[in-house]
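S.K.: Mind looking over this structure? Questions follow.
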Amino acid sequence: MMAIRRSHRPRSVRLVAGTATHTGQIRASNQDAVGMVDDLFVVADGMGGHRGGEVAAAEAVDVLMVGLERSDRAGLVAAVRAANRSILERAAAEPDLSGMGTTLCALAVVDSPSGDDALAVVNIGDSRVYRFAAGRLDQISDDHSLVADLVRAGEITSEEAAHHPQRNILTRALGIEADPLIDSWDLVPVRGDRYLLCSDGLFNELDDGRLTEMLSGGSVQEVADRLVQEAVDNGGHDNVTVLVAEVATGPEPRGTDREAISMARSEQALRSLPVPENAPGVVRASLASASCILAAAVLVLGMYAHQGWFIGSDDGDVAVFRGRPSGLLWFDPTLVEGGDLRVAGLDEPTRIAVEETIVVGSLDEARRLIEGFRGTVSGA
Ligand code: MG
């Protein structure tokens, strides 16, 4: 694929990166995808029957590679939205790809509002971005998964989450709804810092202590190869994909930089893409045409909208619906079954998850989950 030169001036910050991927010991195919071009680095972990997962992950990476029009954090988020539209449209057009989706995390060198080189990170799903700096490993991204919600609610520990039977259930992904919430961060580049982008096949096999040790030595390519090899040796229960990027040229480490990074981490997700007053005409035009494409896609999406399953509340009862929650509100979801379990009786994190709706892959999966919910009913 052609690399698109996005910056019109020489960058003072440059990253070097190494990458490796493996199908693992259990799965028949590798539904992860990885890409890097210029100053953009992407990992995606696809899901969906047949070839759906592979297609969704590859589509997300490809669209991001060519779709980054504005070299700032908002531009990166817009490119992820373009990838989401592309996956939805393709799933609607090709029946055997129906229901496909993917996680996506990416790191890019971008322009900061003051015109300096900055790093931007985006994430949706449970692939992860870590920073390894001054001997310390920090997870930058938040997982969008049921178990991560349970950990944040204080219901289970991180250790319990790591072995939880429902740890593969995502609360957000690309290919699920028309307007997904995408997390993003601005980070201060510091020479020598390493960033690890990976699919869950890595961190489900190696704990943080081991990741820290392995990031400490070797070239970025050596580290990527060794991480993947160790994940496969430890069981390789899932596809495993690793991208290690190091800030090769850029500002020297200073105490204040670390503080700036941790402050940037708490920043809220960027919900909508603002068009600045001085945006060039070409950007406005492309945004306008994107809206037209989206509007035209609504009819096509109507077919797709009735192909999914989710758990939600029906008059206070836990219920299974056919359709798509939020994002596509103009398509009425169809109630499939429910009525014998009250939402109000569930423990708090489960209740919140049901009220916000939980997207599932099938009626069977919905039934299994709801059976699990019965155990959380107070007094049960
Ligand atoms: Mg995976």
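We label chains A, B, ... in the order they appear in the structure tokens, count residues from 1 in each chain, and number ligands from 1 in the order shown.
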So that I can see what lies close to range 104-117 of chain A, please list as a ChimeraX atom specification the residues with an atom at most 6 Å from it, counting only C-alpha atoms and leaving out residues fewer than 6 positions away in the same chain.
M.R.: /A:39-44,71-72,123-124
S.K.: Residues within 7 Å of ligand 1 should be enumerated using only C-alpha atoms and all ligand atoms and returned as a ChimeraX atom specification.
M.R.: /A:45,199-201,238-240
S.K.: Per DSSP on the backbone, what are the alpha helix (DSSP H) residues of range 99-198 of chain A, as a PyMOL selection string?
M.R.: chain A and resi 146-152+158-162
S.K.: Kindly save the residues from that selection, with all heavy atoms included, as a compact mmCIF listing (two decimals), in the first residue's frame.
M.R.:
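Output saved as again_21.txt:
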# COMPACT_ATOMS: atom_id res chain seq x y z
N LEU A 146 -16.03 -6.36 29.44
CA LEU A 146 -16.89 -6.58 30.60
C LEU A 146 -16.04 -6.71 31.87
O LEU A 146 -16.36 -6.11 32.90
CB LEU A 146 -17.72 -7.85 30.38
CG LEU A 146 -18.82 -8.15 31.38
CD1 LEU A 146 -19.86 -7.04 31.38
CD2 LEU A 146 -19.47 -9.49 31.07
N VAL A 147 -14.94 -7.48 31.80
CA VAL A 147 -14.14 -7.68 33.02
C VAL A 147 -13.45 -6.38 33.45
O VAL A 147 -13.30 -6.13 34.64
CB VAL A 147 -13.10 -8.82 32.88
CG1 VAL A 147 -13.79 -10.16 32.79
CG2 VAL A 147 -12.15 -8.60 31.74
N ALA A 148 -13.06 -5.54 32.48
CA ALA A 148 -12.45 -4.26 32.85
C ALA A 148 -13.47 -3.38 33.57
O ALA A 148 -13.14 -2.68 34.53
CB ALA A 148 -11.92 -3.54 31.61
N ASP A 149 -14.75 -3.43 33.12
CA ASP A 149 -15.81 -2.70 33.83
C ASP A 149 -15.95 -3.22 35.26
O ASP A 149 -16.14 -2.45 36.20
CB ASP A 149 -17.16 -2.87 33.10
CG ASP A 149 -17.25 -2.00 31.85
OD1 ASP A 149 -16.34 -1.16 31.65
OD2 ASP A 149 -18.21 -2.16 31.08
N LEU A 150 -15.89 -4.55 35.41
CA LEU A 150 -16.02 -5.15 36.74
C LEU A 150 -14.86 -4.75 37.64
O LEU A 150 -15.04 -4.49 38.83
CB LEU A 150 -16.12 -6.68 36.63
CG LEU A 150 -17.38 -7.23 35.95
CD1 LEU A 150 -17.28 -8.74 35.73
CD2 LEU A 150 -18.62 -6.91 36.77
N VAL A 151 -13.64 -4.67 37.07
CA VAL A 151 -12.48 -4.24 37.85
C VAL A 151 -12.65 -2.78 38.26
O VAL A 151 -12.44 -2.42 39.42
CB VAL A 151 -11.16 -4.42 37.04
CG1 VAL A 151 -9.99 -3.76 37.76
CG2 VAL A 151 -10.88 -5.90 36.81
N ARG A 152 -13.08 -1.93 37.32
CA ARG A 152 -13.25 -0.50 37.63
C ARG A 152 -14.34 -0.30 38.69
O ARG A 152 -14.26 0.63 39.49
CB ARG A 152 -13.60 0.29 36.35
CG ARG A 152 -12.37 0.55 35.48
CD ARG A 152 -12.68 1.51 34.33
NE ARG A 152 -13.39 0.87 33.24
CZ ARG A 152 -12.81 0.33 32.17
NH1 ARG A 152 -11.51 0.36 32.05
NH2 ARG A 152 -13.52 -0.25 31.22
N SER A 158 -7.76 -7.31 39.31
CA SER A 158 -7.11 -7.48 38.00
C SER A 158 -6.68 -8.92 37.80
O SER A 158 -6.75 -9.46 36.70
CB SER A 158 -5.88 -6.58 37.90
OG SER A 158 -6.22 -5.26 38.16
N GLU A 159 -6.23 -9.54 38.90
CA GLU A 159 -5.79 -10.93 38.84
C GLU A 159 -6.97 -11.85 38.46
O GLU A 159 -6.83 -12.73 37.63
CB GLU A 159 -5.20 -11.32 40.21
CG GLU A 159 -4.77 -12.76 40.33
CD GLU A 159 -3.70 -13.17 39.35
OE1 GLU A 159 -2.94 -12.28 38.87
OE2 GLU A 159 -3.62 -14.37 39.04
N GLU A 160 -8.15 -11.59 39.07
CA GLU A 160 -9.33 -12.38 38.73
C GLU A 160 -9.75 -12.12 37.28
O GLU A 160 -10.17 -13.04 36.57
CB GLU A 160 -10.49 -12.05 39.68
CG GLU A 160 -10.29 -12.61 41.08
CD GLU A 160 -11.25 -12.01 42.11
OE1 GLU A 160 -11.75 -10.88 41.90
OE2 GLU A 160 -11.48 -12.66 43.12
N ALA A 161 -9.63 -10.86 36.85
CA ALA A 161 -10.00 -10.52 35.48
C ALA A 161 -9.15 -11.28 34.47
O ALA A 161 -9.64 -11.72 33.43
CB ALA A 161 -9.86 -9.01 35.27
N ALA A 162 -7.86 -11.45 34.81
CA ALA A 162 -6.92 -12.09 33.88
C ALA A 162 -7.32 -13.54 33.59
O ALA A 162 -6.94 -14.09 32.56
CB ALA A 162 -5.51 -12.03 34.45
S.K.: Please provide as a PyMOL selection string all residues within 6 Å of range 17-20 of chain A, with the sequence filter that same-chain residues fewer than 6 positions apart are discarded (counting only C-alpha atoms).
M.R.: chain A and resi 220-221+224-225+241-245
S.K.: Restricting it to N, CA and C atoms, dump the selection as an mmCIF file, in the first residue's frame.
M.R.:
data_model
loop_
_atom_site.group_PDB
_atom_site.id
_atom_site.type_symbol
_atom_site.label_atom_id
_atom_site.label_comp_id
_atom_site.auth_asym_id
_atom_site.auth_seq_id
_atom_site.Cartn_x
_atom_site.Cartn_y
_atom_site.Cartn_z
ATOM 1 N N VAL A 220 14.173 -3.180 19.107
ATOM 2 C CA VAL A 220 12.708 -3.251 19.048
ATOM 3 C C VAL A 220 12.237 -4.518 18.321
ATOM 4 N N GLN A 221 12.962 -4.913 17.270
ATOM 5 C CA GLN A 221 12.564 -6.121 16.541
ATOM 6 C C GLN A 221 12.823 -7.372 17.383
ATOM 7 N N ALA A 224 10.091 -7.605 19.994
ATOM 8 C CA ALA A 224 8.817 -8.036 19.400
ATOM 9 C C ALA A 224 8.833 -9.543 19.139
ATOM 10 N N ASP A 225 9.933 -10.049 18.565
ATOM 11 C CA ASP A 225 10.050 -11.488 18.271
ATOM 12 C C ASP A 225 9.993 -12.317 19.551
ATOM 13 N N THR A 241 -0.100 -10.632 18.618
ATOM 14 C CA THR A 241 0.521 -9.625 17.761
ATOM 15 C C THR A 241 1.141 -8.531 18.615
ATOM 16 N N VAL A 242 2.363 -8.164 18.262
ATOM 17 C CA VAL A 242 3.133 -7.202 19.044
ATOM 18 C C VAL A 242 3.761 -6.177 18.110
ATOM 19 N N LEU A 243 3.706 -4.918 18.517
ATOM 20 C CA LEU A 243 4.453 -3.870 17.827
ATOM 21 C C LEU A 243 5.187 -3.070 18.901
ATOM 22 N N VAL A 244 6.515 -3.001 18.783
ATOM 23 C CA VAL A 244 7.314 -2.238 19.746
ATOM 24 C C VAL A 244 7.912 -1.041 19.017
ATOM 25 N N ALA A 245 7.600 0.161 19.491
ATOM 26 C CA ALA A 245 8.113 1.390 18.859
ATOM 27 C C ALA A 245 8.911 2.171 19.894
#
S.K.: Just want the 8 Å neighbourhood of Asp62 in chain A, counted on only C-alpha atoms, with same-chain residues fewer than 4 positions away dropped. Output as an mmCIF file with N, CA and C atoms, in the first residue's frame.
M.R.:
data_model
loop_
_atom_site.group_PDB
_atom_site.id
_atom_site.type_symbol
_atom_site.label_atom_id
_atom_site.label_comp_id
_atom_site.auth_asym_id
_atom_site.auth_seq_id
_atom_site.Cartn_x
_atom_site.Cartn_y
_atom_site.Cartn_z
ATOM 1 N N GLY A 35 0.111 -2.908 11.266
ATOM 2 C CA GLY A 35 0.604 -2.089 10.174
ATOM 3 C C GLY A 35 1.468 -0.959 10.683
ATOM 4 N N ALA A 58 -7.998 -6.364 9.014
ATOM 5 C CA ALA A 58 -7.192 -5.877 7.889
ATOM 6 C C ALA A 58 -7.774 -4.579 7.330
ATOM 7 N N VAL A 66 -4.353 4.878 5.049
ATOM 8 C CA VAL A 66 -4.548 5.845 3.971
ATOM 9 C C VAL A 66 -5.496 6.968 4.376
#
S.K.: Using only C-alpha atoms, what table do you get, as a tab-separated table, when you list each residue of range 56-165 of chain A with an atom no more than 7 Å from range 182-187 of chain A, its nearest pair of atoms, and their distance in Å rounded to one decimal, rows by chain then rising number?
M.R.:
residue	atom	partner	partner_atom	distance
A:Arg73	CA	A:Asp186	CA	7.0
A:Val77	CA	A:Ile182	CA	7.0
A:Ala118	CA	A:Leu187	CA	6.3
A:Leu119	CA	A:Leu187	CA	5.0
A:Ala120	CA	A:Asp186	CA	4.6
A:Val121	CA	A:Trp185	CA	5.1
A:Val122	CA	A:Ser184	CA	4.3
A:Asn123	CA	A:Asp183	CA	5.3
A:Ile124	CA	A:Ile182	CA	5.5
S.K.: May I have the selected residues written with N, CA and C atoms, as a PDB file, in the first residue's frame?
M.R.:
ATOM      1  N   ARG A  73      -4.404  14.765  16.799  1.00  0.00           N
ATOM      2  CA  ARG A  73      -5.150  13.697  17.474  1.00  0.00           C
ATOM      3  C   ARG A  73      -6.568  13.574  16.914  1.00  0.00           C
ATOM      4  N   VAL A  77      -8.482  10.260  15.299  1.00  0.00           N
ATOM      5  CA  VAL A  77      -9.803   9.759  15.704  1.00  0.00           C
ATOM      6  C   VAL A  77     -10.729   9.691  14.482  1.00  0.00           C
ATOM      7  N   ALA A 118       4.101  15.776  18.629  1.00  0.00           N
ATOM      8  CA  ALA A 118       3.541  15.100  19.802  1.00  0.00           C
ATOM      9  C   ALA A 118       3.231  13.665  19.420  1.00  0.00           C
ATOM     10  N   LEU A 119       2.886  12.860  20.398  1.00  0.00           N
ATOM     11  CA  LEU A 119       2.420  11.507  20.134  1.00  0.00           C
ATOM     12  C   LEU A 119       0.930  11.460  20.437  1.00  0.00           C
ATOM     13  N   ALA A 120       0.178  10.774  19.588  1.00  0.00           N
ATOM     14  CA  ALA A 120      -1.242  10.570  19.861  1.00  0.00           C
ATOM     15  C   ALA A 120      -1.511   9.068  19.902  1.00  0.00           C
ATOM     16  N   VAL A 121      -2.386   8.681  20.814  1.00  0.00           N
ATOM     17  CA  VAL A 121      -2.788   7.284  20.952  1.00  0.00           C
ATOM     18  C   VAL A 121      -4.306   7.219  20.825  1.00  0.00           C
ATOM     19  N   VAL A 122      -4.818   6.222  20.102  1.00  0.00           N
ATOM     20  CA  VAL A 122      -6.266   5.971  20.061  1.00  0.00           C
ATOM     21  C   VAL A 122      -6.509   4.518  20.437  1.00  0.00           C
ATOM     22  N   ASN A 123      -7.679   4.263  21.001  1.00  0.00           N
ATOM     23  CA  ASN A 123      -8.019   2.878  21.342  1.00  0.00           C
ATOM     24  C   ASN A 123      -9.516   2.658  21.354  1.00  0.00           C
ATOM     25  N   ILE A 124      -9.903   1.483  20.828  1.00  0.00           N
ATOM     26  CA  ILE A 124     -11.266   0.976  21.024  1.00  0.00           C
ATOM     27  C   ILE A 124     -11.145  -0.552  21.090  1.00  0.00           C
TER      28      ILE A 124
END
S.K.: Could you name the residues that touch His144 in chain A at 7 Å or less, counting only C-alpha atoms, but leaving out those on the same chain fewer than 4 positions away, as a PyMOL selection string?
M.R.: chain A and resi 124-126+148+170-172
S.K.: List the spatial neighbours of Phe310 in chain A as a list in words - criterion: any atom at most 7 Å away, only C-alpha atoms, same-chain residues fewer than 6 positions off excluded.
M.R.: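 So the residues in contact are Val320, Phe321, Arg322, Thr357, Ile358, Val359 and Val360 of chain A.
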S.K.: When DSSP is applied to the backbone of this structure, which of range 184-226 of chain A are assigned strand (DSSP E)? Write them out as a ChimeraX atom specification.
M.R.: /A:184-187,194-198
S.K.: Store the residues picked out above, limited to N, CA, C and O atoms, as a PDB file, in the first residue's frame.
M.R.:
ATOM      1  N   SER A 184      -8.855   8.666  23.176  1.00  0.00           N
ATOM      2  CA  SER A 184      -7.623   9.169  22.577  1.00  0.00           C
ATOM      3  C   SER A 184      -6.828   9.973  23.595  1.00  0.00           C
ATOM      4  O   SER A 184      -7.397  10.518  24.536  1.00  0.00           O
ATOM      5  N   TRP A 185      -5.533  10.014  23.404  1.00  0.00           N
ATOM      6  CA  TRP A 185      -4.627  10.704  24.322  1.00  0.00           C
ATOM      7  C   TRP A 185      -3.541  11.430  23.533  1.00  0.00           C
ATOM      8  O   TRP A 185      -3.102  10.954  22.492  1.00  0.00           O
ATOM      9  N   ASP A 186      -3.099  12.570  24.057  1.00  0.00           N
ATOM     10  CA  ASP A 186      -1.869  13.213  23.597  1.00  0.00           C
ATOM     11  C   ASP A 186      -0.773  12.878  24.591  1.00  0.00           C
ATOM     12  O   ASP A 186      -0.983  13.001  25.795  1.00  0.00           O
ATOM     13  N   LEU A 187       0.378  12.477  24.085  1.00  0.00           N
ATOM     14  CA  LEU A 187       1.493  12.137  24.965  1.00  0.00           C
ATOM     15  C   LEU A 187       2.722  12.935  24.559  1.00  0.00           C
ATOM     16  O   LEU A 187       2.889  13.295  23.390  1.00  0.00           O
ATOM     17  N   ARG A 194       9.789   3.528  25.117  1.00  0.00           N
ATOM     18  CA  ARG A 194       9.281   2.483  24.228  1.00  0.00           C
ATOM     19  C   ARG A 194       7.774   2.356  24.407  1.00  0.00           C
ATOM     20  O   ARG A 194       7.270   2.461  25.523  1.00  0.00           O
ATOM     21  N   TYR A 195       7.083   2.104  23.290  1.00  0.00           N
ATOM     22  CA  TYR A 195       5.644   1.867  23.326  1.00  0.00           C
ATOM     23  C   TYR A 195       5.371   0.461  22.808  1.00  0.00           C
ATOM     24  O   TYR A 195       5.938   0.050  21.799  1.00  0.00           O
ATOM     25  N   LEU A 196       4.516  -0.239  23.557  1.00  0.00           N
ATOM     26  CA  LEU A 196       4.128  -1.592  23.175  1.00  0.00           C
ATOM     27  C   LEU A 196       2.655  -1.583  22.789  1.00  0.00           C
ATOM     28  O   LEU A 196       1.799  -1.195  23.584  1.00  0.00           O
ATOM     29  N   LEU A 197       2.363  -1.948  21.540  1.00  0.00           N
ATOM     30  CA  LEU A 197       0.984  -2.140  21.086  1.00  0.00           C
ATOM     31  C   LEU A 197       0.795  -3.642  20.919  1.00  0.00           C
ATOM     32  O   LEU A 197       1.660  -4.295  20.308  1.00  0.00           O
ATOM     33  N   CYS A 198      -0.299  -4.199  21.443  1.00  0.00           N
ATOM     34  CA  CYS A 198      -0.434  -5.655  21.362  1.00  0.00           C
ATOM     35  C   CYS A 198      -1.890  -6.092  21.423  1.00  0.00           C
ATOM     36  O   CYS A 198      -2.750  -5.387  21.945  1.00  0.00           O
TER      37      CYS A 198
END
S.K.: I'd like to know which of A:Val80, A:Val37, A:Arg51, A:Gln139 is closest to Asp96 in chain A, using only C-alpha atoms.
M.R.: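 Under the stated criterion, the closest residue is A:Arg51.
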